[in-house]
Amino acid sequence: MPIEDIVHPFLKFYTAAPQWVKSSLGHVYSMAPTRLRYGAKYDEFQAEINRCNDPVWTARRADEKLLETLRWAIETVPAYAHLKGALAEVRDPSDATRLLAAFPLLEKESLKADSTRYLSNKMGPETHLMAFTGGSTSVPMKLYLEKYVSRSKDFAYNSTFDTVAGVGSGDVILALRGRSVPGAGKPGGSLWMYDPIKRYLHLSSDHLEAQYMPGYVEAIAKWKPTIIHAFPSALVPLAHWFKANPAPELVARIRAVQLFSENVYDYQVDLIREVFGCPVLLDYGHSERAVKAISLPDDSRYFFWPLYGKVELVDNDGRAITEPGVIGEIVATGFDNRVMPLIRYRTGDLAMWSKAPNTIRPGFAVVERIEGRLQEFLVCRDHRLVSICTIGAAHFEQLASADMMQFEQDAPGKATLKVMSDTELTPRARAALAAGVLAKTQGGLDIEIVRVDGIARTGSGKHKLLIQRLDLSGYLGAAHIERESDSAGTL
């Protein structure tokens, strides 16, 4: 039984404790052996991960895990009991993909309407690990993971991502991942805290304005981090600060930047690479723990771990997309969750298969980029949907110095662009920016530009590039989505 699952409910008390308490307790806890902290399942997942360099074995094992998942779902989950006939026709694991096609696509709305239908009747409440996700609509949705399994799996795969990035046992990691620092908002309160368990130097994600940056820099100088874990939007203001206020003795220590949880845009990656002069690696995953992908130091595409879950792309009508370069929705079938196996779960995220050969990670599904979610599309006046990254800041030099920006839309063909910066854009810059957006959307979108002092983040500290108030389901259609692959930024 992993200690991590036992102590996790007490994390909030540990986080709120004074720094000397965290330093003392955290140091002692960090000495515990990996097997004790993460459990025997952690070792099992690590063993599978380590064998993924053998594409023949990996393909066979992926079929086995898929069939195990589907069989368990059909035999124990009420929502899938009607598929017993299809299961009876399966002869061996090579039939798993064909059996998967018999399952209906799982909509978030169906899961929210009656989640009990998707719970296994063979797994008691003591095995349930409750989790929440905001999903593409930012409306919380309750789901269940498997206690003593799901978190161990996540630790194993995240540990491998750190290995890919070159994180060593002695590295201090600068963390800007939405963590609130207790007391940071009070006069004289610290803007940072240090967690010796993960060797995280947490910087407050609630104080990213320029006047607080010297405090962050002071903490970085004190703790000397060599790796960065961050939400992209949280790291950009710090990168802007270092660009305007060079501190080569600090940034030169950074060997890798790992970005999590948010959409990642070309201009963000370019800025981070320029300032820190190191590889920028990307992670794709979600609270549902159904599929997971990472980029590599020499390849910015997303490589999906084949033994984590099965990934598909489908069009608006639910038909499979197999050809490269065509945008589709990511559909995920997660492995290793017997409590609530998610089968053909519609994530709301959009991606396209890569055209380039995969010589680095044979056997891994590869997407060129992840386009973001339906709620991250703008509606043109003729009801075309255009990805927010198509008109991202990478294309407009007028926004190069902005710390943050956010679009907001409540009517087709019109949107407001809020720009967080120290100085007002000149009338000439505003006109050029508006004209650029209009041209980029082929005459489909007019924008009003306003400067703001701050842009609110979500409860988990993330930044939304678009506040979309329109119901996009009425506009969604294959002909509406902008498919020019060279016009969209990497997500």
# chains A, B, ... in the order shown; residues from 1 in each chain; ligands from 1
>>> residues_around(residues="Ile254 (chain A)", least_positions_apart="4", cutoff="9 Å", atoms="only C-alpha atoms", output="compact mmCIF listing (two decimals) with N, CA, C and O atoms, in the first residue's frame")
# COMPACT_ATOMS: atom_id res chain seq x y z
N LYS A 224 18.89 28.14 -6.45
CA LYS A 224 19.65 27.70 -7.63
C LYS A 224 18.99 26.52 -8.38
O LYS A 224 19.61 25.46 -8.57
N PRO A 225 17.75 26.67 -8.81
CA PRO A 225 17.10 25.58 -9.57
C PRO A 225 17.78 25.36 -10.92
O PRO A 225 18.34 26.29 -11.52
N THR A 226 17.72 24.11 -11.37
CA THR A 226 18.34 23.74 -12.65
C THR A 226 17.33 23.22 -13.66
O THR A 226 17.66 23.00 -14.82
N ILE A 227 16.09 22.97 -13.22
CA ILE A 227 15.00 22.49 -14.07
C ILE A 227 13.78 23.35 -13.78
O ILE A 227 13.61 23.84 -12.66
N ILE A 228 12.91 23.53 -14.77
CA ILE A 228 11.67 24.28 -14.57
C ILE A 228 10.49 23.39 -14.93
O ILE A 228 10.46 22.77 -15.99
N LEU A 250 21.89 33.17 -13.48
CA LEU A 250 20.73 32.40 -13.02
C LEU A 250 20.14 31.54 -14.13
O LEU A 250 19.90 30.34 -13.93
N PHE A 276 16.12 30.99 -21.78
CA PHE A 276 16.80 29.99 -20.96
C PHE A 276 17.79 29.14 -21.74
O PHE A 276 18.62 28.44 -21.15
N GLY A 277 17.72 29.19 -23.07
CA GLY A 277 18.72 28.52 -23.90
C GLY A 277 18.82 27.03 -23.66
O GLY A 277 19.93 26.48 -23.59
N CYS A 278 17.67 26.36 -23.52
CA CYS A 278 17.67 24.93 -23.23
C CYS A 278 16.48 24.26 -23.90
O CYS A 278 15.58 24.95 -24.39
>>> residues_around(residues="Leu83 (chain A)", least_positions_apart="2", cutoff="12 Å", atoms="only C-alpha atoms", output="list in words")
Leu70, Arg71, Trp72, Ala73, Ile74, Glu75, Thr76, Val77, Pro78, Ala79, Tyr80, Ala81, Gly85, Ala86, Leu87, Ala88, Glu89, Val90, Leu99, Leu100, Ala101, Ala102, Phe103 and Pro104 of chain A
>>> write_last_selection(atoms="N, CA and C atoms", output="PDB file, in the first residue's frame")
ATOM      1  N   LEU A  70     -11.202  -3.980 -21.917  1.00  0.00           N
ATOM      2  CA  LEU A  70     -12.519  -4.123 -22.535  1.00  0.00           C
ATOM      3  C   LEU A  70     -13.295  -5.293 -21.923  1.00  0.00           C
ATOM      4  N   ARG A  71     -12.605  -6.398 -21.684  1.00  0.00           N
ATOM      5  CA  ARG A  71     -13.277  -7.552 -21.080  1.00  0.00           C
ATOM      6  C   ARG A  71     -13.803  -7.191 -19.685  1.00  0.00           C
ATOM      7  N   TRP A  72     -12.958  -6.541 -18.893  1.00  0.00           N
ATOM      8  CA  TRP A  72     -13.372  -6.130 -17.555  1.00  0.00           C
ATOM      9  C   TRP A  72     -14.584  -5.205 -17.619  1.00  0.00           C
ATOM     10  N   ALA A  73     -14.565  -4.263 -18.554  1.00  0.00           N
ATOM     11  CA  ALA A  73     -15.676  -3.317 -18.679  1.00  0.00           C
ATOM     12  C   ALA A  73     -16.970  -4.030 -19.054  1.00  0.00           C
ATOM     13  N   ILE A  74     -16.901  -4.940 -20.009  1.00  0.00           N
ATOM     14  CA  ILE A  74     -18.103  -5.644 -20.453  1.00  0.00           C
ATOM     15  C   ILE A  74     -18.658  -6.531 -19.347  1.00  0.00           C
ATOM     16  N   GLU A  75     -17.772  -7.166 -18.599  1.00  0.00           N
ATOM     17  CA  GLU A  75     -18.212  -8.136 -17.592  1.00  0.00           C
ATOM     18  C   GLU A  75     -18.638  -7.498 -16.275  1.00  0.00           C
ATOM     19  N   THR A  76     -18.190  -6.252 -15.996  1.00  0.00           N
ATOM     20  CA  THR A  76     -18.465  -5.682 -14.667  1.00  0.00           C
ATOM     21  C   THR A  76     -19.096  -4.303 -14.664  1.00  0.00           C
ATOM     22  N   VAL A  77     -19.150  -3.617 -15.810  1.00  0.00           N
ATOM     23  CA  VAL A  77     -19.678  -2.247 -15.856  1.00  0.00           C
ATOM     24  C   VAL A  77     -21.054  -2.258 -16.523  1.00  0.00           C
ATOM     25  N   PRO A  78     -22.101  -1.821 -15.830  1.00  0.00           N
ATOM     26  CA  PRO A  78     -23.454  -1.886 -16.378  1.00  0.00           C
ATOM     27  C   PRO A  78     -23.608  -1.239 -17.747  1.00  0.00           C
ATOM     28  N   ALA A  79     -22.932  -0.123 -17.998  1.00  0.00           N
ATOM     29  CA  ALA A  79     -23.090   0.589 -19.265  1.00  0.00           C
ATOM     30  C   ALA A  79     -22.634  -0.236 -20.460  1.00  0.00           C
ATOM     31  N   TYR A  80     -21.809  -1.268 -20.228  1.00  0.00           N
ATOM     32  CA  TYR A  80     -21.240  -2.037 -21.344  1.00  0.00           C
ATOM     33  C   TYR A  80     -21.700  -3.493 -21.364  1.00  0.00           C
ATOM     34  N   ALA A  81     -22.679  -3.823 -20.532  1.00  0.00           N
ATOM     35  CA  ALA A  81     -23.140  -5.204 -20.458  1.00  0.00           C
ATOM     36  C   ALA A  81     -23.722  -5.696 -21.784  1.00  0.00           C
ATOM     37  N   GLY A  85     -22.032 -10.144 -26.365  1.00  0.00           N
ATOM     38  CA  GLY A  85     -22.015 -10.899 -27.619  1.00  0.00           C
ATOM     39  C   GLY A  85     -20.773 -10.606 -28.433  1.00  0.00           C
ATOM     40  N   ALA A  86     -20.388  -9.341 -28.490  1.00  0.00           N
ATOM     41  CA  ALA A  86     -19.184  -8.966 -29.228  1.00  0.00           C
ATOM     42  C   ALA A  86     -17.945  -9.558 -28.573  1.00  0.00           C
ATOM     43  N   LEU A  87     -17.917  -9.607 -27.243  1.00  0.00           N
ATOM     44  CA  LEU A  87     -16.782 -10.187 -26.530  1.00  0.00           C
ATOM     45  C   LEU A  87     -16.647 -11.677 -26.829  1.00  0.00           C
ATOM     46  N   ALA A  88     -17.762 -12.355 -26.999  1.00  0.00           N
ATOM     47  CA  ALA A  88     -17.731 -13.804 -27.245  1.00  0.00           C
ATOM     48  C   ALA A  88     -17.050 -14.138 -28.565  1.00  0.00           C
ATOM     49  N   GLU A  89     -16.983 -13.179 -29.478  1.00  0.00           N
ATOM     50  CA  GLU A  89     -16.373 -13.418 -30.784  1.00  0.00           C
ATOM     51  C   GLU A  89     -14.867 -13.194 -30.778  1.00  0.00           C
ATOM     52  N   VAL A  90     -14.326 -12.693 -29.679  1.00  0.00           N
ATOM     53  CA  VAL A  90     -12.899 -12.392 -29.593  1.00  0.00           C
ATOM     54  C   VAL A  90     -12.110 -13.677 -29.335  1.00  0.00           C
ATOM     55  N   LEU A  99     -12.811  -5.171 -31.300  1.00  0.00           N
ATOM     56  CA  LEU A  99     -13.789  -5.125 -30.221  1.00  0.00           C
ATOM     57  C   LEU A  99     -13.994  -3.693 -29.741  1.00  0.00           C
ATOM     58  N   LEU A 100     -12.912  -2.920 -29.669  1.00  0.00           N
ATOM     59  CA  LEU A 100     -13.012  -1.523 -29.239  1.00  0.00           C
ATOM     60  C   LEU A 100     -13.982  -0.747 -30.117  1.00  0.00           C
ATOM     61  N   ALA A 101     -13.971  -1.019 -31.422  1.00  0.00           N
ATOM     62  CA  ALA A 101     -14.841  -0.299 -32.344  1.00  0.00           C
ATOM     63  C   ALA A 101     -16.320  -0.540 -32.070  1.00  0.00           C
ATOM     64  N   ALA A 102     -16.641  -1.620 -31.353  1.00  0.00           N
ATOM     65  CA  ALA A 102     -18.038  -1.902 -31.025  1.00  0.00           C
ATOM     66  C   ALA A 102     -18.552  -1.028 -29.891  1.00  0.00           C
ATOM     67  N   PHE A 103     -17.645  -0.423 -29.130  1.00  0.00           N
ATOM     68  CA  PHE A 103     -18.048   0.438 -28.020  1.00  0.00           C
ATOM     69  C   PHE A 103     -18.506   1.797 -28.547  1.00  0.00           C
ATOM     70  N   PRO A 104     -19.544   2.364 -27.955  1.00  0.00           N
ATOM     71  CA  PRO A 104     -19.953   3.720 -28.351  1.00  0.00           C
ATOM     72  C   PRO A 104     -18.955   4.743 -27.822  1.00  0.00           C
TER      73      PRO A 104
END
>>> select_by_dssp(residues="region 245-470 of chain A", states="alpha helix (DSSP H)", output="VMD selection string")
chain A and resid 248 to 251 266 to 276 427 to 440
>>> closest_residue(among="A:Ala293, A:Val419, A:Ala113, A:Val386", to="Gly443 (chain A)", atoms="only C-alpha atoms")
A:Val386
>>> atom_distance(atom1="CA of Leu106 (chain A)", atom2="CA of Pro55 (chain A)")
29.2 Å
>>> residues_around(residues="Asp453 (chain A)", least_positions_apart="5", cutoff="9 Å", atoms="only C-alpha atoms", output="list in words")
Glu209, Val419, Met420, Ser421 and Asp422 of chain A
>>> write_last_selection(atoms="all heavy atoms", output="PDB file, in the first residue's frame")
ATOM      1  N   GLU A 209       2.939  39.776 -11.669  1.00  0.00           N
ATOM      2  CA  GLU A 209       3.146  41.121 -12.201  1.00  0.00           C
ATOM      3  C   GLU A 209       4.597  41.556 -11.982  1.00  0.00           C
ATOM      4  O   GLU A 209       5.315  41.006 -11.137  1.00  0.00           O
ATOM      5  CB  GLU A 209       2.196  42.118 -11.517  1.00  0.00           C
ATOM      6  CG  GLU A 209       0.727  41.909 -11.861  1.00  0.00           C
ATOM      7  CD  GLU A 209       0.092  40.765 -11.074  1.00  0.00           C
ATOM      8  OE1 GLU A 209       0.700  40.328 -10.072  1.00  0.00           O
ATOM      9  OE2 GLU A 209      -0.990  40.303 -11.476  1.00  0.00           O
ATOM     10  N   VAL A 419      -5.120  42.756 -23.204  1.00  0.00           N
ATOM     11  CA  VAL A 419      -3.657  42.680 -23.202  1.00  0.00           C
ATOM     12  C   VAL A 419      -3.139  43.163 -21.853  1.00  0.00           C
ATOM     13  O   VAL A 419      -3.408  44.295 -21.443  1.00  0.00           O
ATOM     14  CB  VAL A 419      -3.050  43.535 -24.331  1.00  0.00           C
ATOM     15  CG1 VAL A 419      -1.533  43.462 -24.296  1.00  0.00           C
ATOM     16  CG2 VAL A 419      -3.572  43.086 -25.692  1.00  0.00           C
ATOM     17  N   MET A 420      -2.432  42.307 -21.157  1.00  0.00           N
ATOM     18  CA  MET A 420      -1.840  42.674 -19.870  1.00  0.00           C
ATOM     19  C   MET A 420      -0.403  43.133 -20.110  1.00  0.00           C
ATOM     20  O   MET A 420       0.460  42.338 -20.495  1.00  0.00           O
ATOM     21  CB  MET A 420      -1.876  41.469 -18.929  1.00  0.00           C
ATOM     22  CG  MET A 420      -1.230  41.702 -17.578  1.00  0.00           C
ATOM     23  SD  MET A 420      -1.372  40.203 -16.550  1.00  0.00           S
ATOM     24  CE  MET A 420      -0.089  40.538 -15.337  1.00  0.00           C
ATOM     25  N   SER A 421      -0.164  44.414 -19.928  1.00  0.00           N
ATOM     26  CA  SER A 421       1.171  44.966 -20.151  1.00  0.00           C
ATOM     27  C   SER A 421       1.319  46.252 -19.349  1.00  0.00           C
ATOM     28  O   SER A 421       0.329  46.834 -18.887  1.00  0.00           O
ATOM     29  CB  SER A 421       1.405  45.246 -21.640  1.00  0.00           C
ATOM     30  OG  SER A 421       0.515  46.231 -22.111  1.00  0.00           O
ATOM     31  N   ASP A 422       2.561  46.689 -19.195  1.00  0.00           N
ATOM     32  CA  ASP A 422       2.823  47.900 -18.423  1.00  0.00           C
ATOM     33  C   ASP A 422       2.453  49.160 -19.198  1.00  0.00           C
ATOM     34  O   ASP A 422       2.180  50.201 -18.603  1.00  0.00           O
ATOM     35  CB  ASP A 422       4.305  47.963 -18.034  1.00  0.00           C
ATOM     36  CG  ASP A 422       4.682  46.872 -17.043  1.00  0.00           C
ATOM     37  OD1 ASP A 422       3.791  46.434 -16.292  1.00  0.00           O
ATOM     38  OD2 ASP A 422       5.859  46.457 -17.037  1.00  0.00           O
TER      39      ASP A 422
END
>>> residues_around(residues="Ile330 (chain A)", least_positions_apart="6", cutoff="8 Å", atoms="only C-alpha atoms", output="CSV table (one decimal) with C-alpha atoms, in the first residue's frame")
chain,number,residue,atom,x,y,z
A,311,VAL,CA,-5.6,6.9,-28.4
A,312,GLU,CA,-7.8,7.5,-31.4
A,313,LEU,CA,-8.8,10.5,-33.5
A,314,VAL,CA,-12.4,10.9,-34.8
A,346,ARG,CA,-14.2,12.0,-25.9
A,347,THR,CA,-11.6,14.4,-24.4
A,348,GLY,CA,-12.7,17.5,-26.3
A,349,ASP,CA,-9.0,18.0,-27.4
A,350,LEU,CA,-8.2,18.3,-31.1
A,351,ALA,CA,-5.1,17.0,-32.8
>>> residues_around(residues="Met193 (chain A)", least_positions_apart="4", cutoff="7 Å", atoms="only C-alpha atoms", output="MDAnalysis selection string")
chainID A and resid 19 181 201:203
>>> residues_around(residues="Ile447 (chain A)", least_positions_apart="5", cutoff="7 Å", atoms="only C-alpha atoms", output="list in words")
Lys414, Ala415, Thr416, Leu417 and Ala434 of chain A
>>> atom_distance(atom1="CA of Asn53 (chain A)", atom2="CA of Pro362 (chain A)")
7.7 Å
